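Right, one structure below, let's go through it.
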Amino acid sequence: MSGVTGGGAPDAGRRRRGRGRGERAMVPEAEFASYYGRPVLKRPEWKPLDVAGYLWMGGLAGASSLLAAGAQVTARPALARTAKLGAAGAISLSLAALVHDLGRPGRFLNMLRVFKPTSPMSMGSWLLAGYAPLTMAAAAADVSGRYRIVGAAATASAAALGPAVATYTAVLICDTAVPAWHEGYREMPFAFAGSGATAAAGLALAAVPPGQTGPARRAAVLGAVLELGAFRLMKRNMGLAAEAYEESGPRTWLRAAEALTAGGAVLAVCSGRRDRALAALAGTALLAGSAALRLGVFHAGVASTEDPRYAVVPQRERLTARARTGDPGPAD
Amino acid sequence: MTDDIVRAAGHTDPPPRMGFFTDTSVCIGCKACEVACKEWNAIPEDGLELTGMSYDNTQGLGASTWRHVAFIEQRAPAPGAASGTGMEDVDVFDAARGLADSPAPSADGGEMRWLMSSDVCKHCTHAACLDVCPTGSLFRTEFGSVVVQEDICNGCGYCVSACPYGVIERRPDDGRAWKCTLCYDRLGVGMEPACAKSCPTESIQFGPLEELRERAADRVQQLHAAGVGSARLYGEDPGDGVGGDGAFFLLLDEPEVYGLPPDPVVTTRDLPGMWRHAAAAAVSLAALAVAGFAGRRR
């Protein structure tokens with residue numbers, strides 16, 4: 001990384017090594033200029049548990065709605081009930097987390113004041129405004145055993161919106177100036193989709209008799225492959241920002257996520273149709289793995305705003321490359 | 001082109017787009033702009049600290065700091081050397097302890113120089129904060145500036161993470177997001193913003209953006225002719241990643257030296273791609289679920 005360093009002549013300003021918090025790895029630190037090592041970007045002001053929890057429960061709910069619909073169609077009543085209750089419970093808690101995270105919780109209804117396609121949070125608010133009541137109707141109809149037609153319609157509609165609920169959260173965090181989030185916008189939705197699938201499968205495995213959880217076991221394996229594969233691809237493609245995922249805080253969460261998700265998927269397969277205790281263990285690991293992934297992603301984003309090099313170095317390299325090719329402006 | 005964003009925001013027959021040209025080459029670091037801004041906008045106190053960062057105890061823009069004067073101490077280049085100076089590994093406080101020996105010219109012939117620059121919200125042509133605001137609290141005024149409506153903001157914090165300059169921030173005890181309004185209240189009655197009014201050296205110039213751009217180009221030429229090769233404009237180019245800033249600068253060193261991002265891009269430029277990827281991921285998730293239920297019954 002010599003993009004910023006001048007040749008022999010003294011180059012610009014005050015050189016700072018990025019102020020390291022925790023460990024750093026991979027490549028030698030880039031030299032770059034900064035203003036007393038202070039961050040260029042503001043740190044996300046969201047609370048880790050609220051927002052990582054929101055991402056986690058959104059994924060859990062969205063994918064659970066898919067399991068619920070599938071279970072209903074294939075006559076797996078215990079799986080259907082757990083998935084419906086899981087979706088309704090998770091989306092309710094995630095809405096509570098979202099409101100709790102507001103600086104002015106009493107004004108949460110202002111989220112529905114405008115319909116704004118340029119704001120993923122606005123689109124998400126409308127999406128949840130439609131989705132959350134559907135999950136509750138589906139769960140209520142299932143538990144009460146009444147209004148079956150309405151319940152089936154709600155289950156099907158929730159399943160139609162579920163994948164969007166599970167993946168829009170990736171757009172929510174990637175549509176920011178936070179380097180470790182924005183630079184991963186291509187793969188993050190896939191990692192979140194996989195993570196949602198493993199969480200929903202985990203809930204089913206933990207709470208449903210193994211005779212009905214065949215689809216959940218398969219979803220666990222496929223979800224784990226999707227999540228871990230997309231995440232690795234993301235880190236490989238995102239340039240310097242990938243190093244934020246290797247800082248000590250996020251790395252601990254992400255190592256745990258990898259171990260719990262992969263281990264949970266393996267245990268899920270091993271538990272098969274009989275071993276309920278093992279299935280419960282697998283399910284718990286998958287749920288925890290999905291949550292750990294969201295926490296790791298959240299903390300990596302925060303880390304990438306605290307050290308100015310994540311903002312400055314790629315931008316400076318971009319300018320240097322543009323100057324070299326004689327391109328006067330951004331490509332698009 | 002700068003009128004377009006104002007008309008797109010629903011203003012018919014808008015006045016010319018207004019903005020700031022901050023010419024840091026004549027900034028004397030008096031902080032009158034900081035004080036005038038705080039006074040006029042009734043911004044609360046947000047910390048009284050001594051930082052050791054030259055004369056900068058304000059530290060940066062934030063919820064309760066809408067003008068911030070940066071101070072950079074560096075060794076100016078010898079004539080003919082590249083722009084900027086090499087201050088690497090120089091601890092100014094160590095240097096200050098040996099003041100008895102200075103100010104001797106350094107071995108490379110350069111001398112100390114002091115850069116001062118009054119930073120402010122850039123009022124971007126393509127403003128990420130405005131794009132991502134889910135409540136419509138942030139809006140584009142008829143003057144082309146970007147302003148928060150405090151009676152609507154619910155403190156979601158999305159704008160804070162979206163701003164590529166790290167300007168807007170939530171006020172901790174208040175919960176809402178705050179930033180420079182380009183003195184919207186003063187503009188409405190034909191006055192200039194408080195900071196520009198108070199600036200004793202005309203480092204902060206307020207006016208129609210088109211006119212400021214012409215004035216800035218002349219000023220750069222003038223400085224280059226006077227031998228200040230390091231003078232360059234920052235944020236004036238409508239072709240840059242944010243479509244040009246409504247508040248742009250003349251700097252004497254690289255932007256990052258002043259704590260400014262060298263090549264900011266509005267995050268929503270990639271939003272269509274983000275939605276496409278999310279849609280593909282959603283389809284993958286649905287397919288994954290179908291695959292889970294397909295196959296033999298186990």
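Convention: chains lettered A, B, ... in structure tokens order; per-chain residue numbering from 1; ligands numbered from 1 as shown.
For stretch 146-266 of chain B, backbone-based DSSP labels the following residues as strand (DSSP E or B): B:Val146, B:Val147, B:Val148, B:Glu169, B:Arg170, B:Ala177, B:Trp178, B:Ile204, B:Gln205, B:Phe206, B:Gly207, B:Pro208, B:Arg232, B:Leu233, B:Tyr234, B:Asp245, B:Ala247, B:Phe248, B:Phe249, B:Leu250, B:Leu251.
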Open item on the list: Using only C-alpha atoms, which protein or nucleic acid residues come within 12 Å of A:Asp275? Drop anything in the same chain fewer than 3 positions from it, and give the result as a PyMOL selection string.
Closed with: chain A and resi 205-206+208-211+213+267-272+278-282
Open item on the list: Residues of stretch 47-256 of chain B classed as alpha helix (DSSP H) by DSSP on the backbone are to be reported as JSON, numbers by chain.
Closed with: {"B": [92, 93, 94, 95, 96, 97, 128, 129, 130, 131, 132, 158, 159, 160, 161, 162, 184, 185, 186, 187, 188, 194, 195, 196, 197, 198, 209, 210, 211, 212, 213, 214, 215, 216, 217, 218, 219, 220, 221, 222, 223, 224, 225]}
Could you please take those selected residues and save N, CA and C atoms as a tab-separated table (two decimals), in the first residue's frame?
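The resulting file, again38.tsv, is reproduced below:
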```
chain	number	residue	atom	x	y	z
B	92	VAL	N	5.25	17.92	17.64
B	92	VAL	CA	5.38	19.37	17.76
B	92	VAL	C	5.68	19.80	19.20
B	93	PHE	N	5.30	18.97	20.15
B	93	PHE	CA	5.55	19.36	21.54
B	93	PHE	C	7.02	19.15	21.91
B	94	ASP	N	7.59	18.08	21.33
B	94	ASP	CA	9.03	17.91	21.48
B	94	ASP	C	9.74	19.10	20.87
B	95	ALA	N	9.28	19.45	19.69
B	95	ALA	CA	9.90	20.57	18.98
B	95	ALA	C	9.77	21.86	19.80
B	96	ALA	N	8.61	22.01	20.44
B	96	ALA	CA	8.36	23.23	21.20
B	96	ALA	C	9.31	23.34	22.40
B	97	ARG	N	9.66	22.17	22.96
B	97	ARG	CA	10.56	22.19	24.12
B	97	ARG	C	11.92	22.75	23.74
B	128	ALA	N	-26.34	12.14	0.91
B	128	ALA	CA	-26.69	10.82	1.43
B	128	ALA	C	-27.64	10.92	2.63
B	129	CYS	N	-27.40	11.90	3.50
B	129	CYS	CA	-28.24	12.05	4.69
B	129	CYS	C	-29.69	12.24	4.30
B	130	LEU	N	-29.88	13.09	3.29
B	130	LEU	CA	-31.22	13.40	2.79
B	130	LEU	C	-31.84	12.17	2.14
B	131	ASP	N	-31.05	11.46	1.34
B	131	ASP	CA	-31.56	10.27	0.66
B	131	ASP	C	-32.06	9.22	1.64
B	132	VAL	N	-31.29	8.96	2.70
B	132	VAL	CA	-31.62	7.82	3.56
B	132	VAL	C	-32.61	8.16	4.67
B	158	TYR	N	-29.84	7.15	10.96
B	158	TYR	CA	-29.40	6.65	9.65
B	158	TYR	C	-28.52	7.67	8.94
B	159	CYS	N	-28.88	8.95	9.02
B	159	CYS	CA	-28.11	10.00	8.35
B	159	CYS	C	-26.68	10.04	8.87
B	160	VAL	N	-26.51	9.72	10.16
B	160	VAL	CA	-25.19	9.79	10.79
B	160	VAL	C	-24.23	8.81	10.11
B	161	SER	N	-24.73	7.60	9.86
B	161	SER	CA	-23.89	6.59	9.22
B	161	SER	C	-23.76	6.81	7.72
B	162	ALA	N	-24.68	7.56	7.14
B	162	ALA	CA	-24.68	7.73	5.69
B	162	ALA	C	-23.75	8.84	5.23
B	184	TYR	N	-30.72	28.84	7.51
B	184	TYR	CA	-31.94	28.90	6.71
B	184	TYR	C	-32.82	30.08	7.13
B	185	ASP	N	-32.85	30.32	8.46
B	185	ASP	CA	-33.69	31.42	8.94
B	185	ASP	C	-33.18	32.78	8.45
B	186	ARG	N	-31.86	32.94	8.40
B	186	ARG	CA	-31.29	34.21	7.94
B	186	ARG	C	-31.46	34.36	6.43
B	187	LEU	N	-31.24	33.27	5.68
B	187	LEU	CA	-31.37	33.34	4.23
B	187	LEU	C	-32.77	33.78	3.83
B	188	GLY	N	-33.75	33.29	4.60
B	188	GLY	CA	-35.13	33.61	4.27
B	188	GLY	C	-35.43	35.10	4.28
B	194	ALA	N	-24.46	33.36	9.64
B	194	ALA	CA	-23.75	34.04	10.73
B	194	ALA	C	-22.23	33.90	10.60
B	195	CYS	N	-21.76	32.70	10.19
B	195	CYS	CA	-20.31	32.47	10.12
B	195	CYS	C	-19.67	33.37	9.07
B	196	ALA	N	-20.32	33.46	7.89
B	196	ALA	CA	-19.77	34.29	6.82
B	196	ALA	C	-19.78	35.76	7.24
B	197	LYS	N	-20.86	36.15	7.92
B	197	LYS	CA	-21.00	37.53	8.37
B	197	LYS	C	-19.87	37.90	9.33
B	198	SER	N	-19.50	36.93	10.16
B	198	SER	CA	-18.52	37.24	11.21
B	198	SER	C	-17.08	37.09	10.75
B	209	LEU	N	-23.85	29.84	-5.83
B	209	LEU	CA	-22.79	28.85	-6.03
B	209	LEU	C	-22.03	29.09	-7.35
B	210	GLU	N	-22.76	29.41	-8.40
B	210	GLU	CA	-22.10	29.63	-9.70
B	210	GLU	C	-21.05	30.73	-9.58
B	211	GLU	N	-21.45	31.80	-8.91
B	211	GLU	CA	-20.54	32.94	-8.77
B	211	GLU	C	-19.33	32.56	-7.91
B	212	LEU	N	-19.59	31.79	-6.83
B	212	LEU	CA	-18.50	31.37	-5.95
B	212	LEU	C	-17.51	30.49	-6.70
B	213	ARG	N	-18.02	29.64	-7.58
B	213	ARG	CA	-17.12	28.76	-8.34
B	213	ARG	C	-16.20	29.58	-9.24
B	214	GLU	N	-16.74	30.61	-9.87
B	214	GLU	CA	-15.90	31.47	-10.71
B	214	GLU	C	-14.85	32.18	-9.86
B	215	ARG	N	-15.31	32.69	-8.74
B	215	ARG	CA	-14.40	33.41	-7.85
B	215	ARG	C	-13.28	32.49	-7.35
B	216	ALA	N	-13.64	31.25	-7.05
B	216	ALA	CA	-12.67	30.29	-6.54
B	216	ALA	C	-11.63	29.94	-7.60
B	217	ALA	N	-12.11	29.75	-8.84
B	217	ALA	CA	-11.18	29.42	-9.92
B	217	ALA	C	-10.17	30.56	-10.10
B	218	ASP	N	-10.65	31.80	-10.05
B	218	ASP	CA	-9.76	32.96	-10.15
B	218	ASP	C	-8.74	32.96	-9.02
B	219	ARG	N	-9.22	32.66	-7.83
B	219	ARG	CA	-8.34	32.69	-6.66
B	219	ARG	C	-7.24	31.64	-6.76
B	220	VAL	N	-7.59	30.45	-7.25
B	220	VAL	CA	-6.56	29.41	-7.41
B	220	VAL	C	-5.51	29.87	-8.42
B	221	GLN	N	-5.97	30.44	-9.53
B	221	GLN	CA	-5.02	30.94	-10.53
B	221	GLN	C	-4.09	31.98	-9.94
B	222	GLN	N	-4.71	32.86	-9.17
B	222	GLN	CA	-3.94	33.94	-8.53
B	222	GLN	C	-2.87	33.36	-7.61
B	223	LEU	N	-3.26	32.36	-6.82
B	223	LEU	CA	-2.30	31.76	-5.88
B	223	LEU	C	-1.22	31.00	-6.63
B	224	HIS	N	-1.59	30.27	-7.68
B	224	HIS	CA	-0.58	29.56	-8.46
B	224	HIS	C	0.42	30.55	-9.06
B	225	ALA	N	-0.11	31.66	-9.57
B	225	ALA	CA	0.77	32.67	-10.15
B	225	ALA	C	1.71	33.24	-9.09
```
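Nearest residue to A:Trp181, choosing from B:Thr267, B:Thr201, B:Gly207, B:Ala287 and counting only C-alpha atoms: B:Thr267.
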Write out as a tab-separated table a residue-level contact list of chain B versus chain A with cut-off 6 Å: for each qualifying residue the closest pair of atoms and the distance in Å to one decimal, counting only C-alpha atoms, rows sorted by chain and residue number upward.
```
residue	atom	partner	partner_atom	distance
B:Gly84	CA	A:Ala12	CA	4.2
B:Thr85	CA	A:Ala12	CA	5.3
B:Gly86	CA	A:Pro10	CA	4.4
B:Met87	CA	A:Arg14	CA	5.3
B:Glu88	CA	A:Arg15	CA	4.9
B:Asp131	CA	A:Thr118	CA	5.4
B:Val132	CA	A:Ser119	CA	4.0
B:Pro134	CA	A:Ser122	CA	4.4
B:Thr135	CA	A:Met111	CA	5.0
B:Asn154	CA	A:Arg104	CA	4.8
B:Gly155	CA	A:Gly103	CA	4.1
B:Cys156	CA	A:Leu102	CA	4.7
B:Ser161	CA	A:Pro44	CA	5.2
B:Ala162	CA	A:Thr176	CA	4.0
B:Pro164	CA	A:Ala177	CA	5.2
B:Tyr165	CA	A:Leu41	CA	5.9
B:Gly166	CA	A:Leu41	CA	4.0
B:Gly175	CA	A:Gly103	CA	3.7
B:Arg176	CA	A:Gly103	CA	5.8
B:Glu256	CA	A:Ser34	CA	5.1
B:Val257	CA	A:Ser34	CA	4.9
B:Tyr258	CA	A:Tyr35	CA	5.4
B:Gly259	CA	A:Tyr35	CA	4.6
B:Pro261	CA	A:Val312	CA	5.8
B:Pro262	CA	A:Gln315	CA	5.9
B:Asp263	CA	A:Gln315	CA	5.2
B:Thr267	CA	A:Thr176	CA	5.6
B:Met274	CA	A:Tyr185	CA	5.8
B:His277	CA	A:Arg186	CA	5.8
B:Ala278	CA	A:Pro189	CA	5.1
B:Ala281	CA	A:Phe190	CA	4.9
B:Ala282	CA	A:Pro163	CA	4.6
B:Leu285	CA	A:Ala193	CA	5.7
B:Gly292	CA	A:Pro215	CA	4.3
B:Phe293	CA	A:Pro215	CA	5.0
B:Arg298	CA	A:Gly214	CA	5.4
```
Using only N, CA and C atoms, please write the residues we just selected to a file, as a short mmCIF file (atom, residue, chain, number, x, y, z; two decimals), in the first residue's frame.
```
data_model
loop_
_atom_site.label_atom_id
_atom_site.label_comp_id
_atom_site.auth_asym_id
_atom_site.auth_seq_id
_atom_site.Cartn_x
_atom_site.Cartn_y
_atom_site.Cartn_z
N GLY B 84 3.02 20.29 -0.16
CA GLY B 84 2.88 19.73 1.18
C GLY B 84 4.24 19.66 1.85
N THR B 85 4.24 19.13 3.05
CA THR B 85 5.49 19.06 3.79
C THR B 85 5.62 17.71 4.46
N GLY B 86 6.82 17.43 4.88
CA GLY B 86 7.02 16.18 5.58
C GLY B 86 7.07 16.43 7.08
N MET B 87 5.97 16.16 7.71
CA MET B 87 5.95 16.32 9.17
C MET B 87 5.93 14.96 9.84
N GLU B 88 6.19 13.94 9.04
CA GLU B 88 6.08 12.60 9.61
C GLU B 88 7.01 12.45 10.81
N ASP B 131 -31.05 11.46 1.34
CA ASP B 131 -31.56 10.27 0.66
C ASP B 131 -32.06 9.22 1.64
N VAL B 132 -31.29 8.96 2.70
CA VAL B 132 -31.62 7.82 3.56
C VAL B 132 -32.61 8.16 4.67
N PRO B 134 -35.60 8.37 6.74
CA PRO B 134 -36.86 7.65 6.53
C PRO B 134 -38.10 8.46 6.87
N THR B 135 -37.94 9.59 7.53
CA THR B 135 -39.10 10.34 7.99
C THR B 135 -39.39 11.56 7.13
N ASN B 154 -36.91 11.63 14.22
CA ASN B 154 -37.16 10.72 15.34
C ASN B 154 -35.87 10.07 15.84
N GLY B 155 -34.74 10.60 15.38
CA GLY B 155 -33.47 10.14 15.92
C GLY B 155 -33.09 8.72 15.53
N CYS B 156 -33.42 8.33 14.29
CA CYS B 156 -33.10 6.96 13.88
C CYS B 156 -31.61 6.79 13.66
N SER B 161 -24.73 7.60 9.86
CA SER B 161 -23.89 6.59 9.22
C SER B 161 -23.76 6.81 7.72
N ALA B 162 -24.68 7.56 7.14
CA ALA B 162 -24.68 7.73 5.69
C ALA B 162 -23.75 8.84 5.23
N PRO B 164 -20.80 10.87 4.14
CA PRO B 164 -19.42 10.49 3.82
C PRO B 164 -18.39 11.44 4.42
N TYR B 165 -18.86 12.56 5.00
CA TYR B 165 -17.95 13.53 5.61
C TYR B 165 -17.97 13.47 7.14
N GLY B 166 -18.83 12.64 7.72
CA GLY B 166 -18.90 12.58 9.17
C GLY B 166 -19.36 13.88 9.80
N GLY B 175 -31.44 13.32 21.42
CA GLY B 175 -31.84 12.17 20.62
C GLY B 175 -32.04 12.46 19.15
N ARG B 176 -32.07 13.73 18.75
CA ARG B 176 -32.31 14.04 17.34
C ARG B 176 -31.00 14.40 16.63
N GLU B 256 -7.20 15.02 3.13
CA GLU B 256 -7.13 14.16 4.33
C GLU B 256 -6.29 14.79 5.43
N VAL B 257 -5.38 15.71 5.04
CA VAL B 257 -4.59 16.42 6.05
C VAL B 257 -5.51 17.28 6.93
N TYR B 258 -6.60 17.76 6.33
CA TYR B 258 -7.58 18.57 7.06
C TYR B 258 -8.68 17.70 7.68
N GLY B 259 -8.56 16.38 7.55
CA GLY B 259 -9.60 15.49 8.06
C GLY B 259 -10.77 15.33 7.11
N PRO B 261 -12.43 13.58 3.61
CA PRO B 261 -12.23 12.41 2.76
C PRO B 261 -11.79 12.84 1.37
N PRO B 262 -10.73 12.20 0.80
CA PRO B 262 -10.19 12.68 -0.47
C PRO B 262 -11.13 12.48 -1.66
N ASP B 263 -11.96 11.42 -1.63
CA ASP B 263 -12.83 11.18 -2.79
C ASP B 263 -14.16 10.59 -2.33
N THR B 267 -23.43 7.27 -0.85
CA THR B 267 -23.65 5.82 -0.77
C THR B 267 -24.82 5.37 -1.63
N MET B 274 -27.60 -2.42 -4.85
CA MET B 274 -27.87 -3.08 -3.56
C MET B 274 -29.23 -3.79 -3.60
N HIS B 277 -29.03 -6.94 -5.69
CA HIS B 277 -28.39 -8.05 -5.00
C HIS B 277 -29.29 -8.62 -3.91
N ALA B 278 -29.99 -7.73 -3.21
CA ALA B 278 -30.88 -8.20 -2.15
C ALA B 278 -32.02 -9.01 -2.75
N ALA B 281 -30.74 -12.33 -3.54
CA ALA B 281 -30.55 -13.09 -2.31
C ALA B 281 -31.90 -13.58 -1.77
N ALA B 282 -32.94 -12.75 -1.90
CA ALA B 282 -34.26 -13.15 -1.43
C ALA B 282 -34.76 -14.35 -2.23
N LEU B 285 -33.02 -17.38 -1.05
CA LEU B 285 -33.55 -17.87 0.23
C LEU B 285 -34.84 -18.66 0.00
N GLY B 292 -35.51 -27.34 0.71
CA GLY B 292 -35.64 -28.02 2.00
C GLY B 292 -36.87 -28.90 2.06
N PHE B 293 -37.96 -28.44 1.42
CA PHE B 293 -39.21 -29.21 1.48
C PHE B 293 -39.32 -30.20 0.34
N ARG B 298 -38.22 -37.22 5.11
CA ARG B 298 -37.43 -37.86 6.16
C ARG B 298 -37.89 -37.34 7.50
#
```
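Here atom CA of B:Cys183 stands at a distance of 18.3 Å from atom CA of B:Cys153.
Counting only C-alpha atoms, the residue from A:Ala139, A:Ala132, A:Ala61, A:Val225 that sits nearest to A:Lys84 is A:Ala139.
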